[in-house]
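Undergrad: What follows is the file model.cif, containing mmCIF, C-alpha atoms and all ligand atoms:
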```
data_my_file
loop_
_atom_site.label_atom_id
_atom_site.label_comp_id
_atom_site.auth_asym_id
_atom_site.auth_seq_id
_atom_site.Cartn_x
_atom_site.Cartn_y
_atom_site.Cartn_z
CA MET A 1 127.79 106.73 107.86
CA ASN A 2 125.25 106.67 105.06
CA LYS A 3 125.77 109.71 102.80
CA ASN A 4 122.06 110.25 102.29
CA PHE A 5 121.59 111.08 105.91
CA GLU A 6 122.10 114.58 107.21
CA ILE A 7 122.15 113.29 110.77
CA GLU A 8 122.90 109.83 112.00
CA VAL A 9 122.84 108.88 115.66
CA VAL A 10 124.30 105.50 116.48
CA ASP A 11 123.75 103.69 119.76
CA LEU A 12 123.75 106.85 121.85
CA VAL A 13 123.69 106.54 125.63
CA LYS A 14 123.49 109.51 128.00
CA LYS A 15 123.24 109.05 131.74
CA TYR A 16 122.69 111.59 134.48
CA LYS A 17 124.23 109.61 137.33
CA GLU A 18 121.91 106.57 137.67
CA LEU A 19 119.28 107.91 135.31
CA VAL A 20 119.55 106.74 131.71
CA ALA A 21 118.13 109.72 129.81
CA VAL A 22 119.05 108.44 126.32
CA ASP A 23 119.14 104.69 126.06
CA HIS A 24 121.01 103.06 123.15
CA LEU A 25 119.24 105.30 120.71
CA ASN A 26 119.57 105.17 116.92
CA LEU A 27 118.03 107.54 114.43
CA SER A 28 118.63 109.01 110.99
CA VAL A 29 117.41 112.22 109.46
CA TYR A 30 117.37 112.81 105.70
CA GLU A 31 118.30 116.03 104.00
CA ASN A 32 115.49 118.60 103.73
CA GLU A 33 112.96 116.72 105.81
CA ILE A 34 111.06 117.94 108.83
CA PHE A 35 111.79 115.31 111.40
CA GLY A 36 109.79 115.12 114.62
CA LEU A 37 110.94 113.99 118.04
CA LEU A 38 107.69 113.29 119.83
CA GLY A 39 107.61 112.20 123.43
CA PRO A 40 106.12 113.04 126.80
CA ASN A 41 107.86 115.24 129.36
CA GLY A 42 111.12 113.74 130.50
CA SER A 43 111.38 111.28 127.60
CA GLY A 44 114.81 112.63 126.66
CA LYS A 45 114.09 114.94 123.71
CA SER A 46 116.15 117.91 124.89
CA THR A 47 118.94 115.70 126.19
CA LEU A 48 119.12 113.97 122.82
CA ILE A 49 119.35 117.28 120.95
CA ASN A 50 122.03 118.55 123.29
CA CYS A 51 124.01 115.35 122.76
CA ILE A 52 123.62 115.55 118.97
CA LEU A 53 124.92 119.13 119.10
CA ALA A 54 127.81 118.03 121.34
CA LEU A 55 126.68 120.54 123.97
CA LEU A 56 126.43 117.65 126.42
CA ARG A 57 128.91 114.85 126.89
CA TYR A 58 127.48 111.39 126.45
CA ASP A 59 128.51 107.99 127.67
CA GLN A 60 128.41 105.96 124.50
CA GLY A 61 127.65 106.17 120.80
CA LYS A 62 128.43 108.34 117.82
CA VAL A 63 126.78 111.26 116.07
CA TYR A 64 127.39 112.12 112.42
CA ILE A 65 126.22 115.36 110.83
CA PHE A 66 126.66 116.18 107.13
CA GLY A 67 128.58 112.89 106.87
CA GLU A 68 131.18 113.78 109.48
CA GLU A 69 131.53 112.89 113.09
CA MET A 70 130.16 115.64 115.32
CA THR A 71 132.27 116.64 118.30
CA ALA A 72 132.47 119.65 120.61
CA THR A 73 135.13 121.15 118.35
CA SER A 74 133.37 120.60 115.00
CA PHE A 75 133.13 124.33 114.33
CA LYS A 76 132.60 123.96 110.59
CA ILE A 77 129.57 121.79 111.18
CA LYS A 78 128.28 124.05 113.94
CA GLN A 79 128.32 127.06 111.61
CA LYS A 80 125.71 125.38 109.47
CA ILE A 81 123.44 124.58 112.40
CA GLY A 82 120.75 126.66 114.06
CA TYR A 83 119.52 125.77 117.53
CA VAL A 84 116.41 127.18 119.12
CA PRO A 85 116.51 125.94 122.69
CA GLN A 86 113.51 125.02 124.78
CA ASP A 87 114.34 127.62 127.40
CA ILE A 88 114.35 131.12 125.95
CA ALA A 89 117.95 132.22 125.60
CA VAL A 90 118.15 135.92 124.80
CA TYR A 91 119.89 138.89 126.40
CA GLU A 92 117.62 141.00 128.58
CA GLU A 93 119.61 144.20 128.04
CA LEU A 94 119.57 143.99 124.24
CA THR A 95 116.62 144.92 122.04
CA VAL A 96 114.96 142.48 119.67
CA GLN A 97 117.08 143.70 116.78
CA GLU A 98 120.30 143.73 118.81
CA ASN A 99 119.67 140.21 120.10
CA ILE A 100 119.20 138.83 116.61
CA ASP A 101 122.22 140.76 115.39
CA TYR A 102 124.30 139.36 118.23
CA PHE A 103 123.43 135.72 117.53
CA CYS A 104 123.75 136.19 113.78
CA GLY A 105 127.12 137.84 114.36
CA LEU A 106 128.47 134.62 115.83
CA TYR A 107 128.43 133.22 112.29
CA ILE A 108 128.11 136.08 109.83
CA PHE A 109 130.98 138.57 110.08
CA ASP A 110 130.23 140.79 107.10
CA LYS A 111 128.23 143.75 108.46
CA HIS A 112 126.21 144.42 105.35
CA GLN A 113 125.28 140.80 104.87
CA ARG A 114 124.44 140.48 108.54
CA LYS A 115 122.09 143.46 108.46
CA GLN A 116 120.24 141.83 105.59
CA HIS A 117 120.00 138.52 107.48
CA VAL A 118 118.74 140.26 110.62
CA ASP A 119 116.09 142.15 108.64
CA GLU A 120 114.98 138.94 106.99
CA ALA A 121 114.75 137.13 110.33
CA ILE A 122 112.69 140.00 111.76
CA ASP A 123 110.43 139.92 108.77
CA PHE A 124 110.17 136.16 108.87
CA THR A 125 109.06 136.08 112.52
CA GLY A 126 106.82 139.13 112.22
CA LEU A 127 108.75 141.15 114.77
CA ASP A 128 109.12 144.36 112.79
CA LYS A 129 106.94 146.41 115.14
CA PHE A 130 108.99 145.21 118.10
CA ARG A 131 112.53 145.85 116.84
CA LYS A 132 113.35 148.30 119.60
CA PHE A 133 111.66 146.37 122.42
CA VAL A 134 113.71 144.68 125.12
CA PRO A 135 112.67 141.09 125.91
CA SER A 136 110.94 142.00 129.18
CA LYS A 137 108.42 144.05 127.17
CA LEU A 138 107.46 141.12 124.92
CA SER A 139 104.62 138.64 125.45
CA GLY A 140 105.43 134.93 125.76
CA GLY A 141 104.58 134.26 122.13
CA LEU A 142 106.67 137.17 120.87
CA LEU A 143 109.57 136.00 123.03
CA ARG A 144 109.36 132.56 121.42
CA ARG A 145 109.44 134.24 118.03
CA LEU A 146 112.51 136.21 119.07
CA ASN A 147 114.14 133.00 120.28
CA LEU A 148 113.40 131.49 116.88
CA ALA A 149 114.74 134.52 115.01
CA CYS A 150 118.00 134.36 116.98
CA GLY A 151 118.45 130.69 116.10
CA ILE A 152 117.78 130.95 112.38
CA ALA A 153 119.02 134.40 111.29
CA HIS A 154 122.30 133.04 109.95
CA LYS A 155 120.34 130.81 107.53
CA PRO A 156 121.53 127.45 108.80
CA LYS A 157 121.26 124.32 106.72
CA LEU A 158 120.15 122.26 109.70
CA ILE A 159 117.83 123.61 112.37
CA PHE A 160 116.92 122.16 115.76
CA LEU A 161 113.76 123.49 117.32
CA ASP A 162 113.06 122.35 120.85
CA GLU A 163 109.37 122.84 121.66
CA PRO A 164 109.10 126.19 119.91
CA THR A 165 105.36 126.47 120.42
CA VAL A 166 105.01 125.77 124.13
CA ALA A 167 102.90 128.39 125.88
CA VAL A 168 102.27 130.54 122.84
CA ASP A 169 98.94 131.84 121.67
CA PRO A 170 97.37 130.27 118.59
CA GLN A 171 98.32 133.19 116.36
CA SER A 172 102.02 132.99 117.23
CA ARG A 173 101.86 129.24 117.05
CA ASN A 174 100.51 129.28 113.52
CA ARG A 175 103.07 131.86 112.51
CA ILE A 176 105.85 129.64 113.88
CA LEU A 177 104.50 126.53 112.17
CA GLU A 178 104.18 128.33 108.84
CA GLY A 179 107.68 129.69 109.32
CA ILE A 180 109.02 126.18 109.74
CA GLU A 181 107.42 125.10 106.47
CA ASP A 182 109.02 128.11 104.80
CA LEU A 183 112.44 127.25 106.22
CA ARG A 184 112.17 123.81 104.73
CA LYS A 185 111.13 125.28 101.38
CA GLN A 186 114.26 127.42 101.53
CA GLY A 187 116.31 124.22 101.77
CA SER A 188 116.82 123.61 105.49
CA THR A 189 116.47 120.32 107.31
CA ILE A 190 114.49 120.62 110.53
CA VAL A 191 114.48 118.56 113.69
CA TYR A 192 111.45 119.46 115.71
CA THR A 193 110.65 118.34 119.23
CA THR A 194 107.25 118.57 120.74
CA HIS A 195 104.78 116.73 122.84
CA TYR A 196 101.91 118.02 120.72
CA MET A 197 101.07 115.19 118.38
CA GLU A 198 98.85 117.39 116.20
CA GLU A 199 101.92 119.42 115.31
CA VAL A 200 103.96 116.45 114.17
CA GLU A 201 101.01 115.02 112.28
CA MET A 202 100.66 118.32 110.47
CA LEU A 203 104.28 119.22 109.97
CA CYS A 204 106.65 116.28 110.02
CA ASP A 205 107.59 113.99 107.15
CA ARG A 206 108.88 111.41 109.58
CA LEU A 207 109.10 111.15 113.31
CA VAL A 208 110.21 109.02 116.19
CA ILE A 209 108.17 108.53 119.31
CA LEU A 210 110.45 108.53 122.34
CA ASP A 211 109.84 107.25 125.80
CA GLN A 212 112.39 106.87 128.57
CA GLY A 213 115.20 107.69 126.18
CA GLN A 214 114.29 104.97 123.71
CA VAL A 215 112.80 105.09 120.25
CA LEU A 216 109.50 103.26 120.37
CA VAL A 217 108.53 103.68 116.72
CA THR A 218 109.81 105.45 113.60
CA GLY A 219 108.17 106.46 110.33
CA SER A 220 105.65 108.86 108.91
CA SER A 221 102.64 109.28 111.17
CA GLU A 222 100.54 107.32 108.64
CA GLU A 223 103.08 104.48 108.65
CA ILE A 224 103.26 104.41 112.41
CA ILE A 225 99.51 104.26 112.73
CA SER A 226 98.96 101.65 110.05
CA ASN A 227 101.85 99.48 111.28
CA SER A 228 100.49 99.48 114.80
CA SER A 229 98.25 96.67 115.86
CA LEU A 230 95.79 99.42 116.49
CA ALA A 231 92.68 99.79 114.79
CA GLN A 232 90.06 102.16 113.69
CA SER A 233 86.80 102.23 115.59
CA ILE A 234 83.64 101.62 113.61
CA ASP A 235 80.22 102.54 114.94
CA VAL A 236 77.06 101.66 113.14
CA VAL A 237 73.49 102.31 114.11
CA ILE A 238 71.45 99.42 112.81
CA PHE A 239 68.18 97.84 113.88
CA ASP A 240 67.48 94.14 113.72
CA LEU A 241 71.02 92.93 113.32
CA THR A 242 70.69 89.17 113.14
CA ASP A 243 72.57 86.73 115.30
CA SER A 244 74.02 85.11 112.21
CA VAL A 245 75.62 88.38 111.04
CA LEU A 246 76.83 89.11 114.53
CA ASN A 247 78.33 85.66 114.53
CA ILE A 248 80.16 86.28 111.28
CA LEU A 249 81.60 89.48 112.72
CA GLU A 250 82.60 87.72 115.91
CA GLN A 251 84.47 85.11 113.87
CA GLU A 252 86.33 87.75 111.82
CA PRO A 253 89.95 87.66 113.06
CA GLU A 254 90.59 91.36 112.29
CA ILE A 255 87.71 92.52 114.45
CA SER A 256 87.88 93.09 118.19
CA HIS A 257 85.91 94.79 120.97
CA LEU A 258 82.66 93.92 119.25
CA THR A 259 79.48 95.03 120.98
CA TYR A 260 75.87 95.37 119.87
CA GLN A 261 73.59 97.22 122.23
CA ASP A 262 70.58 99.48 121.81
CA ALA A 263 70.88 99.25 118.03
CA LYS A 264 74.50 100.35 118.13
CA LEU A 265 77.11 98.06 116.68
CA SER A 266 80.67 98.98 117.63
CA PHE A 267 83.96 97.31 116.98
CA LYS A 268 87.60 97.90 116.27
CA THR A 269 89.37 96.71 113.19
CA ASN A 270 92.73 97.00 111.51
CA SER A 271 91.87 99.50 108.81
CA ASN A 272 94.13 97.81 106.26
CA ARG A 273 92.60 94.40 106.61
CA TYR A 274 88.93 94.78 107.39
CA THR A 275 87.41 97.92 106.02
CA LEU A 276 84.16 99.74 106.39
CA LEU A 277 83.38 98.60 102.87
CA ASP A 278 83.67 94.95 103.93
CA LEU A 279 81.12 95.60 106.63
CA LEU A 280 78.73 97.39 104.30
CA ASN A 281 78.97 94.52 101.80
CA LEU A 282 78.21 92.02 104.53
CA LEU A 283 75.17 93.98 105.64
CA GLU A 284 73.91 94.26 102.10
CA GLU A 285 74.29 90.54 101.53
CA HIS A 286 71.96 90.07 104.47
CA ASN A 287 69.57 92.78 103.39
CA LEU A 288 70.35 94.92 106.38
CA LYS A 289 70.44 98.69 106.09
CA PRO A 290 72.37 100.75 108.62
CA VAL A 291 70.87 104.03 109.84
CA SER A 292 74.27 105.64 110.18
CA VAL A 293 77.91 104.67 109.94
CA SER A 294 80.97 106.36 111.38
CA SER A 295 84.59 105.41 111.77
CA GLU A 296 87.47 106.94 113.64
CA LYS A 297 91.10 106.36 112.83
CA PRO A 298 93.63 105.95 115.61
CA THR A 299 95.96 108.81 116.45
CA LEU A 300 99.62 108.84 117.43
CA ASN A 301 98.42 109.21 120.99
CA ASP A 302 96.49 105.95 120.67
CA VAL A 303 99.63 104.25 119.36
CA PHE A 304 101.63 105.63 122.27
CA LEU A 305 98.95 104.53 124.72
CA GLU A 306 98.95 101.06 123.20
CA ILE A 307 102.72 100.68 123.51
CA THR A 308 103.29 102.29 126.90
CA GLY A 309 99.93 102.31 128.65
CA LYS A 310 100.42 106.08 129.12
CA GLU A 311 99.03 109.17 127.49
CA LEU A 312 101.34 111.16 125.30
CA LYS A 313 99.40 114.31 125.98
CA ASP A 314 99.92 116.24 129.14
CA ASN A 315 98.97 119.56 130.53
CA VAL A 316 102.27 121.39 130.36
N1 LIG B 401 120.78 118.28 134.04
C1 LIG B 401 120.11 117.20 134.41
N2 LIG B 401 120.48 116.49 135.50
C2 LIG B 401 119.83 115.36 135.89
N3 LIG B 401 118.77 114.86 135.21
C3 LIG B 401 118.35 115.51 134.13
C4 LIG B 401 119.00 116.71 133.66
N4 LIG B 401 118.36 117.13 132.54
C5 LIG B 401 117.37 116.25 132.32
N5 LIG B 401 117.35 115.28 133.26
C6 LIG B 401 116.43 114.12 133.31
O1 LIG B 401 116.62 113.37 132.11
C7 LIG B 401 115.36 112.92 131.60
C8 LIG B 401 115.16 113.48 130.22
O2 LIG B 401 114.97 114.89 130.32
P1 LIG B 401 114.80 115.83 129.06
O3 LIG B 401 114.80 117.23 129.55
O4 LIG B 401 115.80 115.46 128.04
O5 LIG B 401 113.36 115.39 128.56
P2 LIG B 401 112.39 116.10 127.51
O6 LIG B 401 111.80 115.00 126.69
O7 LIG B 401 113.09 117.19 126.82
O8 LIG B 401 111.24 116.68 128.46
P3 LIG B 401 110.32 118.01 128.28
O9 LIG B 401 109.19 117.63 127.36
O10 LIG B 401 109.81 118.25 129.67
O11 LIG B 401 111.17 119.12 127.75
C9 LIG B 401 114.32 113.36 132.62
O12 LIG B 401 114.08 112.29 133.50
C10 LIG B 401 114.98 114.52 133.33
O13 LIG B 401 114.50 114.63 134.64
MG MG B 402 112.76 119.17 126.64
#
```
Produce structure tokens that represent the structure in this file.
Ligand SMILES: Nc1ncnc2c1ncn2[C@@H]1O[C@H](COP(=O)(O)OP(=O)(O)OP(=O)(O)O)[C@@H](O)[C@H]1O
Ligand SMILES: [Mg+2]
TA:
Amino acid sequence: MNKNFEIEVVDLVKKYKELVAVDHLNLSVYENEIFGLLGPNGSGKSTLINCILALLRYDQGKVYIFGEEMTATSFKIKQKIGYVPQDIAVYEELTVQENIDYFCGLYIFDKHQRKQHVDEAIDFTGLDKFRKFVPSKLSGGLLRRLNLACGIAHKPKLIFLDEPTVAVDPQSRNRILEGIEDLRKQGSTIVYTTHYMEEVEMLCDRLVILDQGQVLVTGSSEEIISNSSLAQSIDVVIFDLTDSVLNILEQEPEISHLTYQDAKLSFKTNSNRYTLLDLLNLLEEHNLKPVSVSSEKPTLNDVFLEITGKELKDNV
């Protein structure tokens, strides 16, 4: 176990009968980072979190948290963890405030301190107006916020958030995303699962892309994109492009999918190796002036599509 890691997962395997939901998976999370688990539905995100938290038995592998092996009886470790599950887990008969107090009370026994923590969690998730509401009276977004408040009220050092923004309106979503940034600023480490790539691009320092229980790629989203064989698309409107220039471009090993039709030149290129500037220099050398130039960088979805042939996005 490397001491710099807050979580280390080593060769984890989890099967549901024949189905391998987590497949020899390794990952490491550093202290105080926001770490994304990005993958399509059924890729094993929730199963992985439940295995890390020792809520599910697994078939093989080891999990270390805070430098110690994590097991079902690691109560000291568990006290420092907050878990916001994908499925809302609150008590229907308790109000917002009572729910948060209940979950906080599992860890914080001092009444005075707990009241302060509950108030802070209510404040943090913007639920003040809804303190006395029971869950059935809350909208989907407010319920998600309550779920979040219940998971973080005890001020855990390490927080697992499993798709906290699914089916919430943009206002609640932004509030949740800002809240996550704040939690990190307050010193927490955050593991965040989602299948919304925009969220990980915005929020996460590093991420893994999962598919079928395996890590496909790891790194910051910039690293993942620039390490992929994928390329940016360049589109140029230019009249009178000569055959000789077209030939030069065709010979360029970093360029692919080259077309020139109706004054539109399009190609793909690895943005690190053949840049827009290279193209503009080439055109200038040949006294050619483009009418317009645009380029589009690949996204994490493009990387995922390249590796798996599938879309990361879905309509859930
Ligand atoms: N209790 C279970 N019994 C049998 N199979 C399961 C169980 N839970 C999950 N699975 C299967 O394991 C695989 C991984 O599921 P998991 O819920 O971990 O994926 P996920 O990435 O969290 O998906 P989602 O984005 O839909 O939440 C899927 O094929 C799923 O059908
Ligand atoms: Mg899930």
Undergrad: Provide an axis-aligned box for all listed atoms of stretch 297-307 of chain A, padding each side by 5 Å; report its centre and its edge lengths in Å to one decimal, as JSON.
TA:
```
{"center_x": 96.9, "center_y": 104.9, "center_z": 118.8, "size_x": 21.6, "size_y": 18.5, "size_z": 21.9}
```
Undergrad: So, with all atoms listed in the file as the atoms that count, which of A:Lys62, A:Arg273, A:Lys115, A:Lys80 lies closest to A:Thr189?
TA: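 Comparing A:Lys62, A:Arg273, A:Lys115, A:Lys80 against A:Thr189, the winner is A:Lys80.
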Undergrad: Hey, which residues come within 12 Å of ligand MG 402 (chain B) if we count all atoms listed in the file? Could you give them as a compact mmCIF listing (two decimals) with C-alpha atoms, in the frame of the given file?
TA:
```txt
# COMPACT_ATOMS: atom_id res chain seq x y z
CA ALA A 21 118.13 109.72 129.81
CA LEU A 37 110.94 113.99 118.04
CA LEU A 38 107.69 113.29 119.83
CA GLY A 39 107.61 112.20 123.43
CA PRO A 40 106.12 113.04 126.80
CA ASN A 41 107.86 115.24 129.36
CA GLY A 42 111.12 113.74 130.50
CA SER A 43 111.38 111.28 127.60
CA GLY A 44 114.81 112.63 126.66
CA LYS A 45 114.09 114.94 123.71
CA SER A 46 116.15 117.91 124.89
CA THR A 47 118.94 115.70 126.19
CA LEU A 48 119.12 113.97 122.82
CA ILE A 49 119.35 117.28 120.95
CA ASN A 50 122.03 118.55 123.29
CA VAL A 84 116.41 127.18 119.12
CA PRO A 85 116.51 125.94 122.69
CA GLN A 86 113.51 125.02 124.78
CA ASP A 87 114.34 127.62 127.40
CA LEU A 161 113.76 123.49 117.32
CA ASP A 162 113.06 122.35 120.85
CA GLU A 163 109.37 122.84 121.66
CA PRO A 164 109.10 126.19 119.91
CA VAL A 166 105.01 125.77 124.13
CA TYR A 192 111.45 119.46 115.71
CA THR A 193 110.65 118.34 119.23
CA THR A 194 107.25 118.57 120.74
CA HIS A 195 104.78 116.73 122.84
CA LEU A 210 110.45 108.53 122.34
CA GLY A 213 115.20 107.69 126.18
CA VAL A 316 102.27 121.39 130.36
```
Undergrad: Could you jot down the atom CA of A:His112 to atom CA of A:Glu98 separation for me, Å, one decimal place?
TA: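 Result for atom CA of A:His112 versus atom CA of A:Glu98: 14.7 Å, one decimal.
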Undergrad: Can you list, as a list in words, every protein, DNA or RNA residue that comes within 12 Å of A:Ser292 when you count all atoms listed in the file, leaving out same-chain residues fewer than 5 positions away?
TA: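 In the requested format, the answer is Ile234, Asp235, Val236, Val237, Ile238, Phe239, Ala263, Lys264, Leu265, Ser266 and Leu280 of chain A.
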Undergrad: Quick one: residues within 9 Å of (115.0, 134.6, 126.6) (file frame), counting all atoms listed in the file, please, as number ranges by chain.
TA: A: 87-92, 135-136, 143-144, 146-147
Undergrad: Pick the closest to ligand LIG 401 (chain B) from A:Leu158, A:Val168, A:Val215, A:Leu94: which is it, counting only C-alpha atoms and all ligand atoms?
TA: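 Among the listed residues, the smallest separation from ligand LIG 401 (chain B) belongs to A:Val215.
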Undergrad: Could you please give me, as a PDB file with C-alpha atoms, in the frame of the given file, the residues of protein, DNA or RNA lying at most 12 Å from (125.0, 125.5, 118.4) in the coordinate frame of the file, considering all atoms listed in the file?
TA:
```pdb
ATOM      1  CA  ILE A  49     119.350 117.280 120.950  1.00  0.00           C
ATOM      2  CA  ASN A  50     122.030 118.550 123.290  1.00  0.00           C
ATOM      3  CA  CYS A  51     124.010 115.350 122.760  1.00  0.00           C
ATOM      4  CA  ILE A  52     123.620 115.550 118.970  1.00  0.00           C
ATOM      5  CA  LEU A  53     124.920 119.130 119.100  1.00  0.00           C
ATOM      6  CA  ALA A  54     127.810 118.030 121.340  1.00  0.00           C
ATOM      7  CA  LEU A  55     126.680 120.540 123.970  1.00  0.00           C
ATOM      8  CA  LEU A  56     126.430 117.650 126.420  1.00  0.00           C
ATOM      9  CA  MET A  70     130.160 115.640 115.320  1.00  0.00           C
ATOM     10  CA  THR A  71     132.270 116.640 118.300  1.00  0.00           C
ATOM     11  CA  ALA A  72     132.470 119.650 120.610  1.00  0.00           C
ATOM     12  CA  THR A  73     135.130 121.150 118.350  1.00  0.00           C
ATOM     13  CA  SER A  74     133.370 120.600 115.000  1.00  0.00           C
ATOM     14  CA  PHE A  75     133.130 124.330 114.330  1.00  0.00           C
ATOM     15  CA  LYS A  76     132.600 123.960 110.590  1.00  0.00           C
ATOM     16  CA  ILE A  77     129.570 121.790 111.180  1.00  0.00           C
ATOM     17  CA  LYS A  78     128.280 124.050 113.940  1.00  0.00           C
ATOM     18  CA  GLN A  79     128.320 127.060 111.610  1.00  0.00           C
ATOM     19  CA  LYS A  80     125.710 125.380 109.470  1.00  0.00           C
ATOM     20  CA  ILE A  81     123.440 124.580 112.400  1.00  0.00           C
ATOM     21  CA  GLY A  82     120.750 126.660 114.060  1.00  0.00           C
ATOM     22  CA  TYR A  83     119.520 125.770 117.530  1.00  0.00           C
ATOM     23  CA  VAL A  84     116.410 127.180 119.120  1.00  0.00           C
ATOM     24  CA  PRO A  85     116.510 125.940 122.690  1.00  0.00           C
ATOM     25  CA  PHE A 103     123.430 135.720 117.530  1.00  0.00           C
ATOM     26  CA  CYS A 104     123.750 136.190 113.780  1.00  0.00           C
ATOM     27  CA  LEU A 106     128.470 134.620 115.830  1.00  0.00           C
ATOM     28  CA  TYR A 107     128.430 133.220 112.290  1.00  0.00           C
ATOM     29  CA  CYS A 150     118.000 134.360 116.980  1.00  0.00           C
ATOM     30  CA  GLY A 151     118.450 130.690 116.100  1.00  0.00           C
ATOM     31  CA  ILE A 152     117.780 130.950 112.380  1.00  0.00           C
ATOM     32  CA  HIS A 154     122.300 133.040 109.950  1.00  0.00           C
ATOM     33  CA  PRO A 156     121.530 127.450 108.800  1.00  0.00           C
ATOM     34  CA  LEU A 158     120.150 122.260 109.700  1.00  0.00           C
ATOM     35  CA  ILE A 159     117.830 123.610 112.370  1.00  0.00           C
ATOM     36  CA  PHE A 160     116.920 122.160 115.760  1.00  0.00           C
ATOM     37  CA  LEU A 161     113.760 123.490 117.320  1.00  0.00           C
TER      38      LEU A 161
END
```
Undergrad: What gap, in Å, lies between atom CA of A:Glu69 and atom O13 of ligand LIG 401 (chain B)?
TA: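 About the pair atom CA of A:Glu69 and atom O13 of ligand LIG 401 (chain B): they are 27.5 Å apart.
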Undergrad: Show which residues sit within 9 Å of stretch 244-253 of chain A, as a ChimeraX atom specification. Count all atoms listed in the file, and ignore same-chain residues fewer than 4 positions away.
TA: /A:258,260,274,279,282-283,286
Undergrad: Work out how far atom CA of A:Glu68 is from atom CA of A:Phe109, in Å to one decimal.
TA: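 Spanning atom CA of A:Phe109 to atom CA of A:Glu68 is a straight-line distance of 24.8 Å.
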Undergrad: Between A:Glu33, A:Asp211, A:Glu178, A:Glu199, single out the one closest to ligand LIG 401 (chain B), counting all atoms listed in the file.
TA: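 For ligand LIG 401 (chain B), the nearest of the candidates is A:Asp211.
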Undergrad: For ligand LIG 401 (chain B), which residue out of A:Gln212, A:Glu284, A:Thr242, A:Gly141 is the nearest one, using all atoms listed in the file?
TA: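 Answer, going by the shortest atom-to-atom distance: A:Gln212.
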Undergrad: Just the residues within 8 Å of A:Gly36, please, counting only C-alpha atoms, with nothing from its chain fewer than 3 positions along; format it as a list in words.
TA: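 Here the answer would be Val191, Tyr192, Thr193, Thr194, Val200, Cys204, Asp205, Arg206, Leu207 and Val208 of chain A.
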Undergrad: Could you write those residues out with C-alpha atoms, as a PDB file, in the frame of the given file?
TA:
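Saved the output as again-v8.pdb:
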```
ATOM      1  CA  VAL A 191     114.480 118.560 113.690  1.00  0.00           C
ATOM      2  CA  TYR A 192     111.450 119.460 115.710  1.00  0.00           C
ATOM      3  CA  THR A 193     110.650 118.340 119.230  1.00  0.00           C
ATOM      4  CA  THR A 194     107.250 118.570 120.740  1.00  0.00           C
ATOM      5  CA  VAL A 200     103.960 116.450 114.170  1.00  0.00           C
ATOM      6  CA  CYS A 204     106.650 116.280 110.020  1.00  0.00           C
ATOM      7  CA  ASP A 205     107.590 113.990 107.150  1.00  0.00           C
ATOM      8  CA  ARG A 206     108.880 111.410 109.580  1.00  0.00           C
ATOM      9  CA  LEU A 207     109.100 111.150 113.310  1.00  0.00           C
ATOM     10  CA  VAL A 208     110.210 109.020 116.190  1.00  0.00           C
TER      11      VAL A 208
END
```
Undergrad: Given the choices A:Leu312, A:Ala167, A:Val20, A:Val13, which gets closest to ligand LIG 401 (chain B) if the distance is worked out from only C-alpha atoms and all ligand atoms?
TA: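 Of all the options, A:Val20 lies closest to ligand LIG 401 (chain B).
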Undergrad: So, counting only C-alpha atoms and all ligand atoms, which residue among A:Leu19, A:Met202, A:Leu25, A:Ile7 is closest to ligand LIG 401 (chain B)?
TA: A:Leu19
Undergrad: Could you pull the residues within 8 Å of A:Leu300, counting all atoms listed in the file, minus those fewer than 3 positions along the same chain, as a PyMOL selection string?
TA: chain A and resi 197+221+224-225+303-304
